[in-house]
>>> print(open('structure30.pdb').read())   # PDB, C-alpha atoms
ATOM      1  CA  MET P   1       0.000   0.000   0.000  1.00  0.00           C
ATOM      2  CA  ASP P   2       1.217   3.501  -0.788  1.00  0.00           C
ATOM      3  CA  GLU P   3       2.758   5.087   2.344  1.00  0.00           C
ATOM      4  CA  LYS P   4       0.792   8.339   2.006  1.00  0.00           C
ATOM      5  CA  LEU P   5      -2.493   6.396   1.722  1.00  0.00           C
ATOM      6  CA  LYS P   6      -1.565   4.338   4.792  1.00  0.00           C
ATOM      7  CA  THR P   7      -0.866   7.533   6.749  1.00  0.00           C
ATOM      8  CA  TRP P   8      -4.174   9.048   5.575  1.00  0.00           C
ATOM      9  CA  ILE P   9      -6.057   5.961   6.785  1.00  0.00           C
ATOM     10  CA  GLU P  10      -4.332   6.138  10.181  1.00  0.00           C
ATOM     11  CA  VAL P  11      -5.089   9.858  10.601  1.00  0.00           C
ATOM     12  CA  CYS P  12      -8.682   9.263   9.462  1.00  0.00           C
ATOM     13  CA  ALA P  13      -9.079   6.460  12.029  1.00  0.00           C
ATOM     14  CA  LEU P  14      -7.720   8.764  14.759  1.00  0.00           C
ATOM     15  CA  ALA P  15     -10.210  11.494  13.797  1.00  0.00           C
ATOM     16  CA  HIS P  16     -13.146   9.074  13.915  1.00  0.00           C
ATOM     17  CA  GLN P  17     -12.065   7.586  17.256  1.00  0.00           C
ATOM     18  CA  TYR P  18     -11.718  11.134  18.628  1.00  0.00           C
ATOM     19  CA  VAL P  19     -15.252  12.210  17.677  1.00  0.00           C
ATOM     20  CA  SER P  20     -16.685   8.862  18.802  1.00  0.00           C
ATOM     21  CA  SER P  21     -15.363   9.446  22.327  1.00  0.00           C
ATOM     22  CA  LEU P  22     -17.080  12.858  22.432  1.00  0.00           C
ATOM     23  CA  ASP P  23     -20.326  11.691  20.825  1.00  0.00           C
ATOM     24  CA  ASN P  24     -20.676   8.730  23.183  1.00  0.00           C
ATOM     25  CA  ASP P  25     -19.921  10.611  26.426  1.00  0.00           C
ATOM     26  CA  ARG P  26     -16.583   8.903  26.966  1.00  0.00           C
ATOM     27  CA  LEU P  27     -15.019  12.211  27.939  1.00  0.00           C
ATOM     28  CA  GLU P  28     -12.403  10.578  30.156  1.00  0.00           C
ATOM     29  CA  GLU P  29     -10.891   9.102  26.955  1.00  0.00           C
ATOM     30  CA  TRP P  30     -10.679  12.523  25.288  1.00  0.00           C
ATOM     31  CA  PRO P  31      -7.293  13.591  26.766  1.00  0.00           C
ATOM     32  CA  THR P  32      -5.715  10.262  25.751  1.00  0.00           C
ATOM     33  CA  PHE P  33      -5.890  11.300  22.098  1.00  0.00           C
ATOM     34  CA  PHE P  34      -3.290  14.013  22.837  1.00  0.00           C
ATOM     35  CA  THR P  35       0.397  14.171  23.714  1.00  0.00           C
ATOM     36  CA  PRO P  36       1.296  15.353  27.250  1.00  0.00           C
ATOM     37  CA  ASP P  37       2.510  18.726  25.898  1.00  0.00           C
ATOM     38  CA  CYS P  38      -0.403  19.227  23.503  1.00  0.00           C
ATOM     39  CA  HIS P  39      -2.140  22.388  22.388  1.00  0.00           C
ATOM     40  CA  TYR P  40      -5.959  22.461  22.046  1.00  0.00           C
ATOM     41  CA  GLU P  41      -8.153  25.411  21.254  1.00  0.00           C
ATOM     42  CA  ILE P  42     -11.529  26.362  19.883  1.00  0.00           C
ATOM     43  CA  ILE P  43     -11.534  29.705  18.099  1.00  0.00           C
ATOM     44  CA  PRO P  44     -13.883  31.641  15.788  1.00  0.00           C
ATOM     45  CA  LYS P  45     -12.850  31.774  12.121  1.00  0.00           C
ATOM     46  CA  GLU P  46     -12.738  35.564  12.097  1.00  0.00           C
ATOM     47  CA  ASN P  47     -10.179  35.649  14.917  1.00  0.00           C
ATOM     48  CA  HIS P  48      -8.168  32.760  13.462  1.00  0.00           C
ATOM     49  CA  ASP P  49      -7.989  34.331  10.004  1.00  0.00           C
ATOM     50  CA  ALA P  50      -6.953  37.712  11.442  1.00  0.00           C
ATOM     51  CA  GLY P  51      -4.260  36.122  13.629  1.00  0.00           C
ATOM     52  CA  LEU P  52      -6.034  37.271  16.798  1.00  0.00           C
ATOM     53  CA  ARG P  53      -5.339  34.931  19.709  1.00  0.00           C
ATOM     54  CA  ALA P  54      -8.779  34.957  21.296  1.00  0.00           C
ATOM     55  CA  PRO P  55      -9.977  31.347  21.568  1.00  0.00           C
ATOM     56  CA  VAL P  56     -13.016  30.418  23.659  1.00  0.00           C
ATOM     57  CA  ILE P  57     -11.205  27.326  24.974  1.00  0.00           C
ATOM     58  CA  TYR P  58      -7.425  27.172  25.296  1.00  0.00           C
ATOM     59  CA  CYS P  59      -5.454  24.275  26.789  1.00  0.00           C
ATOM     60  CA  ILE P  60      -1.686  23.890  26.554  1.00  0.00           C
ATOM     61  CA  ASN P  61      -1.200  20.401  27.959  1.00  0.00           C
ATOM     62  CA  GLN P  62      -2.949  17.111  28.609  1.00  0.00           C
ATOM     63  CA  LYS P  63      -3.409  17.958  32.309  1.00  0.00           C
ATOM     64  CA  MET P  64      -5.553  20.954  31.345  1.00  0.00           C
ATOM     65  CA  LEU P  65      -7.696  18.659  29.181  1.00  0.00           C
ATOM     66  CA  ARG P  66      -8.159  16.277  32.124  1.00  0.00           C
ATOM     67  CA  ASP P  67      -9.083  19.207  34.380  1.00  0.00           C
ATOM     68  CA  ARG P  68     -11.721  20.230  31.854  1.00  0.00           C
ATOM     69  CA  VAL P  69     -13.270  16.743  31.983  1.00  0.00           C
ATOM     70  CA  VAL P  70     -13.249  16.696  35.799  1.00  0.00           C
ATOM     71  CA  SER P  71     -14.865  20.130  35.795  1.00  0.00           C
ATOM     72  CA  LEU P  72     -17.532  18.997  33.327  1.00  0.00           C
ATOM     73  CA  ARG P  73     -18.310  15.922  35.414  1.00  0.00           C
ATOM     74  CA  HIS P  74     -18.294  17.516  38.872  1.00  0.00           C
ATOM     75  CA  ALA P  75     -18.325  21.323  38.869  1.00  0.00           C
ATOM     76  CA  ASN P  76     -19.903  22.897  35.813  1.00  0.00           C
ATOM     77  CA  ILE P  77     -23.641  23.375  35.577  1.00  0.00           C
ATOM     78  CA  TYR P  78     -25.013  23.033  32.060  1.00  0.00           C
ATOM     79  CA  GLU P  79     -27.933  21.414  30.294  1.00  0.00           C
ATOM     80  CA  LYS P  80     -27.248  17.778  29.456  1.00  0.00           C
ATOM     81  CA  HIS P  81     -26.950  17.267  25.750  1.00  0.00           C
ATOM     82  CA  THR P  82     -25.646  14.888  23.121  1.00  0.00           C
ATOM     83  CA  TYR P  83     -23.236  15.730  20.325  1.00  0.00           C
ATOM     84  CA  ARG P  84     -23.025  13.986  16.977  1.00  0.00           C
ATOM     85  CA  HIS P  85     -20.072  14.890  14.791  1.00  0.00           C
ATOM     86  CA  ALA P  86     -19.880  14.465  11.039  1.00  0.00           C
ATOM     87  CA  ILE P  87     -16.367  14.851   9.661  1.00  0.00           C
ATOM     88  CA  SER P  88     -15.252  14.994   6.045  1.00  0.00           C
ATOM     89  CA  GLY P  89     -12.630  16.227   3.651  1.00  0.00           C
ATOM     90  CA  LEU P  90      -9.574  14.988   5.533  1.00  0.00           C
ATOM     91  CA  VAL P  91      -6.487  16.318   3.766  1.00  0.00           C
ATOM     92  CA  LEU P  92      -2.904  15.622   4.753  1.00  0.00           C
ATOM     93  CA  ASN P  93      -1.084  18.906   4.256  1.00  0.00           C
ATOM     94  CA  ASP P  94       2.490  18.103   5.179  1.00  0.00           C
ATOM     95  CA  GLU P  95       4.637  15.468   6.810  1.00  0.00           C
ATOM     96  CA  LYS P  96       8.112  16.281   8.052  1.00  0.00           C
ATOM     97  CA  ASP P  97      10.249  15.650  11.095  1.00  0.00           C
ATOM     98  CA  GLY P  98       7.711  13.135  12.394  1.00  0.00           C
ATOM     99  CA  GLU P  99       4.802  15.601  12.337  1.00  0.00           C
ATOM    100  CA  ILE P 100       1.768  15.292  10.099  1.00  0.00           C
ATOM    101  CA  THR P 101      -0.414  18.346   9.556  1.00  0.00           C
ATOM    102  CA  SER P 102      -3.961  17.917   8.329  1.00  0.00           C
ATOM    103  CA  THR P 103      -7.303  19.629   7.977  1.00  0.00           C
ATOM    104  CA  CYS P 104     -10.761  18.133   8.279  1.00  0.00           C
ATOM    105  CA  SER P 105     -14.216  19.743   8.132  1.00  0.00           C
ATOM    106  CA  TYR P 106     -16.695  19.087  10.931  1.00  0.00           C
ATOM    107  CA  ILE P 107     -20.356  19.601  11.705  1.00  0.00           C
ATOM    108  CA  VAL P 108     -21.668  19.107  15.235  1.00  0.00           C
ATOM    109  CA  ALA P 109     -25.371  18.462  15.829  1.00  0.00           C
ATOM    110  CA  LEU P 110     -26.596  19.018  19.377  1.00  0.00           C
ATOM    111  CA  THR P 111     -29.602  17.235  20.866  1.00  0.00           C
ATOM    112  CA  ASN P 112     -31.011  18.600  24.121  1.00  0.00           C
ATOM    113  CA  LEU P 113     -33.040  16.870  26.834  1.00  0.00           C
ATOM    114  CA  ALA P 114     -36.296  17.775  25.070  1.00  0.00           C
ATOM    115  CA  GLY P 115     -35.104  15.765  22.070  1.00  0.00           C
ATOM    116  CA  GLU P 116     -34.645  18.772  19.805  1.00  0.00           C
ATOM    117  CA  SER P 117     -31.660  18.548  17.470  1.00  0.00           C
ATOM    118  CA  SER P 118     -29.960  21.443  15.717  1.00  0.00           C
ATOM    119  CA  VAL P 119     -26.681  22.225  14.025  1.00  0.00           C
ATOM    120  CA  TYR P 120     -24.586  23.531  16.884  1.00  0.00           C
ATOM    121  CA  GLN P 121     -21.352  24.306  15.104  1.00  0.00           C
ATOM    122  CA  THR P 122     -19.562  23.916  11.791  1.00  0.00           C
ATOM    123  CA  GLY P 123     -15.907  24.423  11.125  1.00  0.00           C
ATOM    124  CA  VAL P 124     -12.541  22.924  10.355  1.00  0.00           C
ATOM    125  CA  TYR P 125      -9.957  21.125  12.464  1.00  0.00           C
ATOM    126  CA  HIS P 126      -6.331  22.147  11.932  1.00  0.00           C
ATOM    127  CA  ASP P 127      -4.345  19.269  13.379  1.00  0.00           C
ATOM    128  CA  THR P 128      -0.772  18.267  13.987  1.00  0.00           C
ATOM    129  CA  VAL P 129      -0.351  14.550  14.618  1.00  0.00           C
ATOM    130  CA  VAL P 130       2.737  12.707  15.882  1.00  0.00           C
ATOM    131  CA  ARG P 131       3.519   9.046  16.482  1.00  0.00           C
ATOM    132  CA  ARG P 132       4.254   8.145  20.109  1.00  0.00           C
ATOM    133  CA  GLU P 133       5.193   4.547  20.882  1.00  0.00           C
ATOM    134  CA  GLY P 134       3.626   3.455  17.595  1.00  0.00           C
ATOM    135  CA  VAL P 135       0.330   5.299  18.207  1.00  0.00           C
ATOM    136  CA  LEU P 136      -0.830   8.508  16.530  1.00  0.00           C
ATOM    137  CA  LYS P 137      -1.644  11.368  18.922  1.00  0.00           C
ATOM    138  CA  TYR P 138      -2.623  14.990  18.462  1.00  0.00           C
ATOM    139  CA  SER P 139       0.123  17.375  19.462  1.00  0.00           C
ATOM    140  CA  LYS P 140      -2.054  20.251  18.300  1.00  0.00           C
ATOM    141  CA  LYS P 141      -5.763  20.473  17.521  1.00  0.00           C
ATOM    142  CA  VAL P 142      -7.371  23.790  16.647  1.00  0.00           C
ATOM    143  CA  ALA P 143     -11.124  23.762  16.017  1.00  0.00           C
ATOM    144  CA  VAL P 144     -11.935  26.845  13.938  1.00  0.00           C
ATOM    145  CA  TYR P 145     -15.685  27.391  13.937  1.00  0.00           C
ATOM    146  CA  ASP P 146     -17.340  29.278  11.112  1.00  0.00           C
ATOM    147  CA  THR P 147     -19.295  31.923  13.036  1.00  0.00           C
ATOM    148  CA  LEU P 148     -18.134  34.587  15.453  1.00  0.00           C
ATOM    149  CA  ARG P 149     -20.440  33.500  18.252  1.00  0.00           C
ATOM    150  CA  VAL P 150     -21.207  30.281  20.081  1.00  0.00           C
ATOM    151  CA  GLN P 151     -24.961  29.640  20.137  1.00  0.00           C
ATOM    152  CA  THR P 152     -25.093  28.329  23.702  1.00  0.00           C
ATOM    153  CA  LEU P 153     -22.683  27.593  26.504  1.00  0.00           C
ATOM    154  CA  LEU P 154     -19.738  25.675  25.089  1.00  0.00           C
ATOM    155  CA  ALA P 155     -19.255  22.934  27.673  1.00  0.00           C
ATOM    156  CA  THR P 156     -18.254  19.735  25.897  1.00  0.00           C
ATOM    157  CA  PRO P 157     -15.131  19.810  23.715  1.00  0.00           C
ATOM    158  CA  ILE P 158     -15.605  19.991  19.955  1.00  0.00           C
TER     159      ILE P 158
END
>>> encode(input="structure30.pdb", output="structure tokens")
Amino acid sequence: MDEKLKTWIEVCALAHQYVSSLDNDRLEEWPTFFTPDCHYEIIPKENHDAGLRAPVIYCINQKMLRDRVVSLRHANIYEKHTYRHAISGLVLNDEKDGEITSTCSYIVALTNLAGESSVYQTGVYHDTVVRREGVLKYSKKVAVYDTLRVQTLLATPI
């Protein structure tokens, strides 16, 4: 099999495992998709495109991701909901020095306790993936959402 195709399949599998953990309320798994010194943020497209560092969520290591999960489980007050991600258009942009950069479009549908579903957010992931002990992990994941505002409280990671 072509090496680039093999890499694409591996990155695609990582992306689908990532969204599956979020969609199925396995939030404790979420930090395990990242390296210990990772970077994770959610930022509006307008700020991202203008180079303005104003994300709505900003974590600079795996411990911060774990803290976010603990907070969601035990401290934060928010309406229970379910996410369903649809991802498409995975493109490998570059691979050098053991880092793979990629982009992937996403759509997140949110279903509330009343059973009403709506499109919560659309955007693109800008990812950097590295291999650690034979396993692909995100060293950087930036979710750039298409609108300037978040419709409701952003509690669960995107």
>>> residues_around(input="structure30.pdb", residues="Ala86 of chain P", least_positions_apart="6", cutoff="12 Å", atoms="all atoms listed in the file", output="ChimeraX atom specification")
/P:15-16,18-20,22-23,104-110,119-124,158
>>> closest_residue(input="structure30.pdb", among="P:Ala155, P:Cys12, P:Cys59, P:Leu5", to="His81 of chain P", atoms="all atoms listed in the file")
P:Ala155
>>> atom_distance(input="structure30.pdb", atom1="atom CA of Tyr145 of chain P", atom2="atom CA of Ile43 of chain P")
6.3 Å
>>> closest_residue(input="structure30.pdb", among="P:Asn76, P:Asp94, P:Val70, P:Tyr40", to="Ala143 of chain P", atoms="all atoms listed in the file")
P:Tyr40
>>> closest_residue(input="structure30.pdb", among="P:Cys38, P:Ala75, P:Ile57, P:Met64", to="Thr128 of chain P", atoms="only C-alpha atoms")
P:Cys38
>>> closest_residue(input="structure30.pdb", among="P:Tyr78, P:Phe34, P:Tyr83, P:Trp8", to="Lys137 of chain P", atoms="all atoms listed in the file")
P:Phe34
>>> closest_residue(input="structure30.pdb", among="P:Asp97, P:Arg84, P:Ser21, P:Thr147", to="Ser118 of chain P", atoms="all atoms listed in the file")
P:Arg84
>>> closest_residue(input="structure30.pdb", among="P:Gly115, P:Val142, P:Val11, P:Asn61", to="His48 of chain P", atoms="all atoms listed in the file")
P:Val142
>>> atom_distance(input="structure30.pdb", atom1="atom CA of Arg53 of chain P", atom2="atom CA of Val150 of chain P")
16.5 Å
>>> axis_aligned_box(input="structure30.pdb", around="segment 76-92 of chain P", padding_each_side="5 Å", output="lines of an AutoDock Vina configuration file")
center_x = -15.4
center_y = 18.7
center_z = 19.7
size_x = 35.0
size_y = 19.4
size_z = 42.2
>>> residues_around(input="structure30.pdb", residues="Gln62 of chain P", least_positions_apart="5", cutoff="8 Å", atoms="all atoms listed in the file", output="PyMOL selection string")
chain P and resi 31-32+34-38
>>> atom_distance(input="structure30.pdb", atom1="atom CA of Glu28 of chain P", atom2="atom CA of Leu72 of chain P")
10.4 Å
>>> resolve_selection(input="structure30.pdb", expression="the PyMOL selection byres ((chain P and resi 93) around 12)", output="list in words")
Lys4, Thr7, Trp8, Val11, Gly89, Leu90, Val91, Leu92, Asp94, Glu95, Lys96, Glu99, Ile100, Thr101, Ser102, Thr103, Cys104, His126, Asp127, Thr128 and Val129 of chain P
